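Raw contents of model_7.cif, mmCIF, C-alpha atoms and all ligand atoms:
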data_coords
loop_
_atom_site.label_atom_id
_atom_site.label_comp_id
_atom_site.auth_asym_id
_atom_site.auth_seq_id
_atom_site.Cartn_x
_atom_site.Cartn_y
_atom_site.Cartn_z
CA MET W 1 20.67 -4.57 28.52
CA THR W 2 18.39 -1.63 29.35
CA ASP W 3 20.39 0.43 26.86
CA THR W 4 19.58 -2.11 24.16
CA VAL W 5 15.89 -2.09 24.99
CA ALA W 6 15.89 1.71 24.98
CA ALA W 7 17.68 1.79 21.62
CA ILE W 8 15.17 -0.67 20.10
CA LEU W 9 12.22 1.28 21.49
CA LEU W 10 13.64 4.53 20.17
CA SER W 11 14.18 3.00 16.75
CA ALA W 12 10.60 1.64 16.67
CA LEU W 13 9.29 5.03 17.74
CA ALA W 14 11.34 6.82 15.08
CA MET W 15 10.09 4.42 12.38
CA THR W 16 6.49 4.87 13.53
CA ALA W 17 6.93 8.64 13.21
CA ILE W 18 8.51 8.26 9.76
CA VAL W 19 5.73 5.97 8.50
CA GLY W 20 3.05 8.22 10.01
CA VAL W 21 4.47 11.40 8.53
CA ARG W 22 5.05 9.67 5.19
CA TYR W 23 1.36 8.68 5.23
CA LEU W 24 0.16 12.19 6.11
CA ILE W 25 2.33 13.79 3.41
CA SER W 26 1.51 11.30 0.65
CA SER W 27 -2.21 10.92 1.37
CA GLY W 28 -2.51 14.65 2.08
CA GLY W 29 -0.73 15.43 -1.20
CA PHE W 30 -2.98 13.14 -3.23
CA ALA W 31 -6.10 14.41 -1.41
CA PHE W 32 -5.03 17.94 -2.35
CA ALA W 33 -4.47 16.86 -5.97
CA THR W 34 -7.97 15.34 -5.88
CA ARG W 35 -9.48 18.67 -4.78
CA ILE W 36 -7.84 20.35 -7.75
CA ARG W 37 -8.47 17.70 -10.39
CA HIS W 38 -11.89 16.50 -9.20
CA PRO W 39 -13.46 19.08 -6.91
CA GLY W 40 -16.23 17.65 -4.77
CA LEU W 41 -15.19 14.02 -5.26
CA TYR W 42 -14.87 13.45 -1.50
CA ARG W 43 -17.92 15.54 -0.57
CA GLY W 44 -20.00 13.85 2.12
CA LEU W 45 -17.15 11.49 3.02
CA GLU W 46 -15.76 13.66 5.85
CA LEU W 47 -16.63 11.18 8.61
CA GLN W 48 -15.27 8.26 6.63
CA MET W 49 -12.01 10.16 5.99
CA LYS W 50 -11.61 10.81 9.70
CA ARG W 51 -11.97 7.08 10.32
CA GLU W 52 -9.50 6.29 7.53
CA ILE W 53 -6.93 8.63 9.08
CA GLY W 54 -7.40 7.04 12.53
CA TRP W 55 -6.94 3.48 11.29
CA SER W 56 -4.02 4.55 9.10
CA LEU W 57 -2.13 6.20 11.96
CA ALA W 58 -2.68 3.08 14.09
CA SER W 59 -1.30 1.04 11.19
CA ALA W 60 1.73 3.35 11.07
CA ALA W 61 2.61 2.25 14.62
CA ILE W 62 2.21 -1.41 13.66
CA TYR W 63 4.42 -0.92 10.60
CA GLY W 64 6.93 1.03 12.66
CA VAL W 65 7.71 -1.73 15.18
CA PRO W 66 9.17 -4.47 12.92
CA ALA W 67 10.79 -1.80 10.72
CA GLY W 68 12.34 -0.19 13.81
CA ILE W 69 13.69 -3.47 15.17
CA VAL W 70 15.25 -4.35 11.81
CA ALA W 71 16.69 -0.84 11.33
CA TRP W 72 18.26 -1.04 14.78
CA GLY W 73 19.71 -4.52 14.08
CA TRP W 74 21.07 -3.32 10.74
CA GLN W 75 22.83 -0.34 12.33
CA ALA W 76 23.95 -1.97 15.57
CA HIS W 77 24.77 -5.52 14.45
CA GLY W 78 24.94 -5.54 10.67
CA TRP W 79 21.80 -7.67 10.43
CA THR W 80 20.01 -7.91 7.09
CA ARG W 81 21.29 -8.09 3.55
CA ILE W 82 20.85 -4.38 2.89
CA TYR W 83 24.03 -3.08 1.23
CA THR W 84 25.31 0.44 0.63
CA ASP W 85 28.26 -0.18 -1.74
CA VAL W 86 26.70 -0.11 -5.18
CA ASP W 87 29.52 -2.32 -6.53
CA ALA W 88 28.82 -5.12 -4.07
CA PHE W 89 26.66 -6.75 -6.74
CA PRO W 90 26.59 -6.39 -10.54
CA LEU W 91 24.64 -3.34 -11.76
CA TRP W 92 21.98 -5.48 -13.44
CA TYR W 93 21.09 -6.75 -10.02
CA LEU W 94 19.62 -3.33 -9.06
CA PRO W 95 16.53 -3.56 -11.32
CA VAL W 96 16.32 -7.31 -10.74
CA SER W 97 16.20 -6.86 -6.96
CA LEU W 98 13.56 -4.12 -7.33
CA PHE W 99 11.42 -6.44 -9.43
CA LEU W 100 11.96 -9.36 -7.03
CA TYR W 101 10.84 -7.32 -4.03
CA LEU W 102 7.73 -6.08 -5.83
CA LEU W 103 6.92 -9.57 -7.14
CA ILE W 104 7.27 -11.30 -3.77
CA HIS W 105 5.35 -8.56 -1.97
CA ASP W 106 2.63 -8.85 -4.60
CA THR W 107 2.46 -12.64 -4.14
CA TRP W 108 2.24 -12.33 -0.35
CA PHE W 109 -0.42 -9.63 -0.66
CA TYR W 110 -2.51 -11.61 -3.15
CA TRP W 111 -2.71 -14.73 -0.99
CA THR W 112 -3.19 -13.00 2.37
CA HIS W 113 -5.79 -10.71 0.77
CA ARG W 114 -7.69 -13.70 -0.67
CA TRP W 115 -7.50 -15.38 2.70
CA MET W 116 -8.96 -12.26 4.36
CA HIS W 117 -11.92 -12.43 2.00
CA GLN W 118 -13.09 -15.67 3.58
CA PRO W 119 -16.21 -14.60 5.54
CA ARG W 120 -14.80 -15.40 8.98
CA TRP W 121 -11.52 -13.57 8.44
CA PHE W 122 -13.17 -10.80 6.51
CA ARG W 123 -15.23 -9.84 9.56
CA ILE W 124 -12.18 -9.94 11.82
CA ALA W 125 -9.43 -8.45 9.73
CA HIS W 126 -10.55 -6.88 6.47
CA ALA W 127 -14.00 -5.31 6.98
CA VAL W 128 -12.32 -2.13 8.20
CA HIS W 129 -10.59 -1.61 4.86
CA HIS W 130 -13.84 -2.17 2.97
CA GLN W 131 -15.79 0.22 5.19
CA SER W 132 -14.46 2.90 2.85
CA ARG W 133 -17.19 3.19 0.23
CA PRO W 134 -15.72 4.44 -1.97
CA PRO W 135 -12.15 4.69 -0.64
CA THR W 136 -10.35 8.03 -0.66
CA ALA W 137 -6.65 8.95 -0.73
CA TRP W 138 -6.72 8.70 3.09
CA ALA W 139 -7.62 4.97 2.93
CA ALA W 140 -4.10 3.94 1.84
CA MET W 141 -3.27 2.45 5.28
CA SER W 142 -6.80 2.08 6.63
CA PHE W 143 -6.42 -1.46 7.95
CA HIS W 144 -7.54 -3.41 10.97
CA PRO W 145 -4.47 -4.21 13.16
CA VAL W 146 -4.55 -7.88 12.06
CA GLU W 147 -4.36 -6.84 8.43
CA ALA W 148 -1.72 -4.22 9.25
CA ILE W 149 0.46 -6.95 10.81
CA THR W 150 0.28 -9.09 7.64
CA GLY W 151 1.43 -6.05 5.67
CA ALA W 152 4.04 -4.83 8.15
CA VAL W 153 6.18 -7.99 8.24
CA VAL W 154 6.83 -8.42 4.51
CA ILE W 155 9.65 -5.98 3.75
CA PRO W 156 11.37 -6.43 7.18
CA ALA W 157 11.44 -10.19 6.49
CA LEU W 158 12.62 -9.85 2.89
CA VAL W 159 15.67 -7.75 3.79
CA PHE W 160 17.03 -10.79 5.63
CA LEU W 161 16.61 -13.03 2.59
CA ILE W 162 17.26 -11.02 -0.55
CA PRO W 163 20.20 -8.61 -0.90
CA VAL W 164 19.05 -5.10 -1.68
CA HIS W 165 20.84 -1.79 -2.15
CA VAL W 166 19.59 0.79 0.31
CA ALA W 167 18.46 3.09 -2.56
CA VAL W 168 16.51 0.25 -4.20
CA LEU W 169 14.86 -0.41 -0.84
CA GLY W 170 13.89 3.27 -0.74
CA LEU W 171 12.43 2.89 -4.23
CA VAL W 172 10.44 -0.19 -3.14
CA LEU W 173 8.96 1.81 -0.25
CA THR W 174 8.20 4.74 -2.55
CA VAL W 175 6.38 2.51 -5.07
CA MET W 176 4.50 0.92 -2.16
CA THR W 177 3.42 4.33 -0.84
CA VAL W 178 2.48 5.91 -4.16
CA MET W 179 0.51 2.89 -5.39
CA GLY W 180 -1.14 2.40 -2.00
CA VAL W 181 -2.47 5.94 -2.05
CA GLY W 182 -3.04 6.16 -5.81
CA ASN W 183 -5.07 2.95 -6.01
CA HIS W 184 -7.58 4.25 -3.46
CA MET W 185 -8.08 7.87 -4.42
CA GLY W 186 -11.12 7.39 -6.64
CA TRP W 187 -9.65 8.50 -9.97
CA GLU W 188 -6.95 7.30 -12.34
CA MET W 189 -3.66 9.20 -12.38
CA PHE W 190 -2.03 7.12 -15.12
CA PRO W 191 -2.68 7.87 -18.81
CA ARG W 192 -5.45 5.96 -20.56
CA ALA W 193 -2.92 4.51 -23.00
CA LEU W 194 -1.13 2.81 -20.10
CA VAL W 195 -4.17 1.60 -18.17
CA HIS W 196 -6.08 0.31 -21.20
CA GLY W 197 -3.01 -0.62 -23.26
CA PRO W 198 -0.74 -3.67 -23.16
CA ALA W 199 1.00 -2.61 -19.90
CA GLY W 200 -2.36 -2.26 -18.16
CA ARG W 201 -3.09 -5.90 -18.85
CA TRP W 202 -0.37 -6.74 -16.32
CA LEU W 203 -0.13 -3.74 -14.03
CA ILE W 204 -2.55 -2.80 -11.28
CA THR W 205 -3.64 0.82 -10.99
CA ALA W 206 -6.64 2.60 -9.42
CA THR W 207 -9.01 1.49 -12.20
CA HIS W 208 -8.30 -2.16 -11.38
CA HIS W 209 -8.46 -1.84 -7.58
CA GLU W 210 -11.65 0.24 -7.79
CA ALA W 211 -13.40 -2.87 -9.15
CA HIS W 212 -12.26 -4.83 -6.08
CA HIS W 213 -13.83 -2.27 -3.75
CA ALA W 214 -17.02 -2.10 -5.82
CA ALA W 215 -17.50 -5.90 -6.05
CA TYR W 216 -15.99 -7.00 -2.69
CA ARG W 217 -14.29 -9.84 -4.50
CA GLY W 218 -11.77 -10.49 -7.28
CA ASN W 219 -8.77 -8.34 -8.21
CA TYR W 220 -6.87 -9.27 -5.06
CA GLY W 221 -3.40 -8.32 -6.35
CA LEU W 222 -1.21 -5.40 -5.31
CA TYR W 223 1.06 -4.47 -8.24
CA PHE W 224 0.60 -7.12 -10.94
CA ARG W 225 -2.41 -8.90 -12.37
CA PHE W 226 -0.44 -12.14 -12.71
CA TRP W 227 -1.95 -14.06 -9.76
CA ASP W 228 -5.47 -12.84 -10.44
CA LYS W 229 -5.19 -14.01 -14.02
CA ALA W 230 -3.52 -17.29 -13.11
CA CYS W 231 -6.20 -18.08 -10.47
CA GLY W 232 -9.20 -16.80 -12.39
CA THR W 233 -9.95 -13.99 -9.93
CA ASP W 234 -9.32 -11.08 -12.30
CA ILE W 235 -12.63 -9.25 -12.77
CA GLY W 236 -11.26 -6.68 -15.19
CA LEU W 237 -11.03 -2.91 -14.93
CA GLY W 238 -13.56 -0.93 -12.94
CA SER W 239 -15.14 2.41 -13.70
CA PHE W 240 -15.42 5.56 -11.70
CA ALA W 241 -19.08 6.02 -12.66
CA ALA W 242 -20.28 6.08 -9.04
CA ALA W 243 -17.77 8.79 -8.26
CA ALA W 244 -18.85 10.79 -11.30
CA ASP W 245 -22.50 10.48 -10.19
CA ARG W 246 -21.65 11.83 -6.76
CA ARG W 247 -19.72 14.71 -8.26
CA GLU W 248 -22.69 15.65 -10.44
CA ARG W 249 -25.08 15.44 -7.51
CA ALA W 250 -22.70 17.64 -5.55
CA ALA W 251 -22.59 20.14 -8.42
CA ASP W 252 -26.39 20.14 -8.70
CA GLY W 253 -26.92 20.50 -4.99
ZN ZN G 1 -10.29 -6.67 -0.06
ZN ZN G 2 -8.12 -1.45 -1.12
#
Give the structure from the file, written as structure tokens.
Amino acid sequence: MTDTVAAILLSALAMTAIVGVRYLISSGGFAFATRIRHPGLYRGLELQMKREIGWSLASAAIYGVPAGIVAWGWQAHGWTRIYTDVDAFPLWYLPVSLFLYLLIHDTWFYWTHRWMHQPRWFRIAHAVHHQSRPPTAWAAMSFHPVEAITGAVVIPALVFLIPVHVAVLGLVLTVMTVMGVGNHMGWEMFPRALVHGPAGRWLITATHHEAHHAAYRGNYGLYFRFWDKACGTDIGLGSFAAAADRRERAADG
């Protein structure tokens, strides 16, 4: 019994470390890219970035616990529908499962995010995330613990319901990390043709999420604009004018 508890604790601890290090590497990498591409963009935001890092590392622990329990159950008891034999399902299922995971995560995120924009819940759970004005690459996991819990349970729950190859699961987590950081870093990394072209009408990138942070409403989605469009909450693409202003001021000063 105590061995089991120790094994679960160890697994949760290991997952917390993995999520924390993943955050530091990805946000640190994008913050470094920001310094090169847009020097001065984060000038004056040092205190805010410290706060973002603190909340994000706390979130890493919250993400690590359910992930650690599930990882332990998968290894020790064969829980979950994660599979390692690529032939266990037809090959076409690989992209389909990737899309399913992203779509369901997006749906969950849209509705919980909208719910957290109700004034009462906003104050409790979501004000922390919006304290970043404007967000930086370090804000990717800057969530109040209540919000972090809503985010932390999604993938650990889905692996019990929808079969997924372990590599596809890795891809899901990579997309989640890259978009989480990219959407908050204050500039657009994707080409204009994508963001303002046909694909951009359905995909969410930094330009779309920037408008959410500027307006405090609308554009609640995570990866796709489907729910925002279907529910009339899509407020269109934002602009990085405020960031450009700050950069000019920084250059002048
Ligand atoms: Zn929000
Ligand atoms: Zn955000």
| query | Could you pull the residues within 12 Å of Pro66 in chain W, counting all atoms listed in the file, minus those fewer than 2 positions along the same chain, as a PyMOL selection string? | reply | chain W and resi 8-9+11-16+19+59-64+68-73+148-159
Considering all atoms listed in the file, tabulate each residue of chain W that lies at most 7 Å from ligand ZN 2 (chain G) along with its nearest interatomic pair and the corresponding distance in Å to one decimal; arrange the rows by chain and ascending residue number and present them as a Markdown table.
| residue | atom | partner | partner_atom | distance |
| --- | --- | --- | --- | --- |
| W:His129 | CA | G:ZN2 | ZN | 6.5 |
| W:His184 | CA | G:ZN2 | ZN | 6.2 |
| W:His209 | CA | G:ZN2 | ZN | 6.5 |
| W:His213 | CA | G:ZN2 | ZN | 6.3 |
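The coordinates place CA of Thr107 in chain W at 13.9 Å from CA of Met176 in chain W.
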Collect all residues with atoms no farther than 12 Å from ligand ZN 1 (chain G), counting only C-alpha atoms and all ligand atoms, and output them as a PDB file with C-alpha atoms, in the coordinates of the input.
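What ended up in result-v3.pdb:
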ATOM      1  CA  PHE W 109      -0.420  -9.630  -0.660  1.00  0.00           C
ATOM      2  CA  TYR W 110      -2.510 -11.610  -3.150  1.00  0.00           C
ATOM      3  CA  TRP W 111      -2.710 -14.730  -0.990  1.00  0.00           C
ATOM      4  CA  THR W 112      -3.190 -13.000   2.370  1.00  0.00           C
ATOM      5  CA  HIS W 113      -5.790 -10.710   0.770  1.00  0.00           C
ATOM      6  CA  ARG W 114      -7.690 -13.700  -0.670  1.00  0.00           C
ATOM      7  CA  TRP W 115      -7.500 -15.380   2.700  1.00  0.00           C
ATOM      8  CA  MET W 116      -8.960 -12.260   4.360  1.00  0.00           C
ATOM      9  CA  HIS W 117     -11.920 -12.430   2.000  1.00  0.00           C
ATOM     10  CA  GLN W 118     -13.090 -15.670   3.580  1.00  0.00           C
ATOM     11  CA  PRO W 119     -16.210 -14.600   5.540  1.00  0.00           C
ATOM     12  CA  TRP W 121     -11.520 -13.570   8.440  1.00  0.00           C
ATOM     13  CA  PHE W 122     -13.170 -10.800   6.510  1.00  0.00           C
ATOM     14  CA  ARG W 123     -15.230  -9.840   9.560  1.00  0.00           C
ATOM     15  CA  ALA W 125      -9.430  -8.450   9.730  1.00  0.00           C
ATOM     16  CA  HIS W 126     -10.550  -6.880   6.470  1.00  0.00           C
ATOM     17  CA  ALA W 127     -14.000  -5.310   6.980  1.00  0.00           C
ATOM     18  CA  VAL W 128     -12.320  -2.130   8.200  1.00  0.00           C
ATOM     19  CA  HIS W 129     -10.590  -1.610   4.860  1.00  0.00           C
ATOM     20  CA  HIS W 130     -13.840  -2.170   2.970  1.00  0.00           C
ATOM     21  CA  GLN W 131     -15.790   0.220   5.190  1.00  0.00           C
ATOM     22  CA  SER W 132     -14.460   2.900   2.850  1.00  0.00           C
ATOM     23  CA  PRO W 135     -12.150   4.690  -0.640  1.00  0.00           C
ATOM     24  CA  SER W 142      -6.800   2.080   6.630  1.00  0.00           C
ATOM     25  CA  PHE W 143      -6.420  -1.460   7.950  1.00  0.00           C
ATOM     26  CA  HIS W 144      -7.540  -3.410  10.970  1.00  0.00           C
ATOM     27  CA  GLU W 147      -4.360  -6.840   8.430  1.00  0.00           C
ATOM     28  CA  HIS W 184      -7.580   4.250  -3.460  1.00  0.00           C
ATOM     29  CA  HIS W 209      -8.460  -1.840  -7.580  1.00  0.00           C
ATOM     30  CA  GLU W 210     -11.650   0.240  -7.790  1.00  0.00           C
ATOM     31  CA  ALA W 211     -13.400  -2.870  -9.150  1.00  0.00           C
ATOM     32  CA  HIS W 212     -12.260  -4.830  -6.080  1.00  0.00           C
ATOM     33  CA  HIS W 213     -13.830  -2.270  -3.750  1.00  0.00           C
ATOM     34  CA  ALA W 214     -17.020  -2.100  -5.820  1.00  0.00           C
ATOM     35  CA  ALA W 215     -17.500  -5.900  -6.050  1.00  0.00           C
ATOM     36  CA  TYR W 216     -15.990  -7.000  -2.690  1.00  0.00           C
ATOM     37  CA  ARG W 217     -14.290  -9.840  -4.500  1.00  0.00           C
ATOM     38  CA  GLY W 218     -11.770 -10.490  -7.280  1.00  0.00           C
ATOM     39  CA  ASN W 219      -8.770  -8.340  -8.210  1.00  0.00           C
ATOM     40  CA  TYR W 220      -6.870  -9.270  -5.060  1.00  0.00           C
ATOM     41  CA  GLY W 221      -3.400  -8.320  -6.350  1.00  0.00           C
ATOM     42  CA  LEU W 222      -1.210  -5.400  -5.310  1.00  0.00           C
TER      43      LEU W 222
END
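Ranking W:Thr84, W:Thr174, W:Ser26, W:Ser239 by their shortest atom-to-atom distance to Leu98 in chain W, with only C-alpha atoms included, puts W:Thr174 first.
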| said: Ranking W:Asp85, W:Phe226, W:Thr205, W:Val178 by minimum distance to Gly29 in chain W and counting all atoms listed in the file, which one comes first? | reply: W:Val178
Any chance you could work out the axis-aligned box around range 115-125 of chain W, listed atoms only, 5 Å on each side, giving centre and edge lengths in Å to one decimal, as AutoDock Vina command-line options?
--center_x -11.9 --center_y -12.1 --center_z 6.9 --size_x 18.7 --size_y 17.2 --size_z 19.8
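Computed from the coordinates, the CA of Met189 in chain W to CA of Thr233 in chain W distance equals 24.2 Å.
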| Nearby residues (all atoms listed in the file) at most 8 Å from His208 in chain W, same-chain spacing under 6 positions excluded, as a PyMOL selection string | chain W and resi 219+236-238
| message | Report, in Å to a single decimal, how far apart CA of Ser27 in chain W and CA of Ala140 in chain W are. | response | 7.2 Å
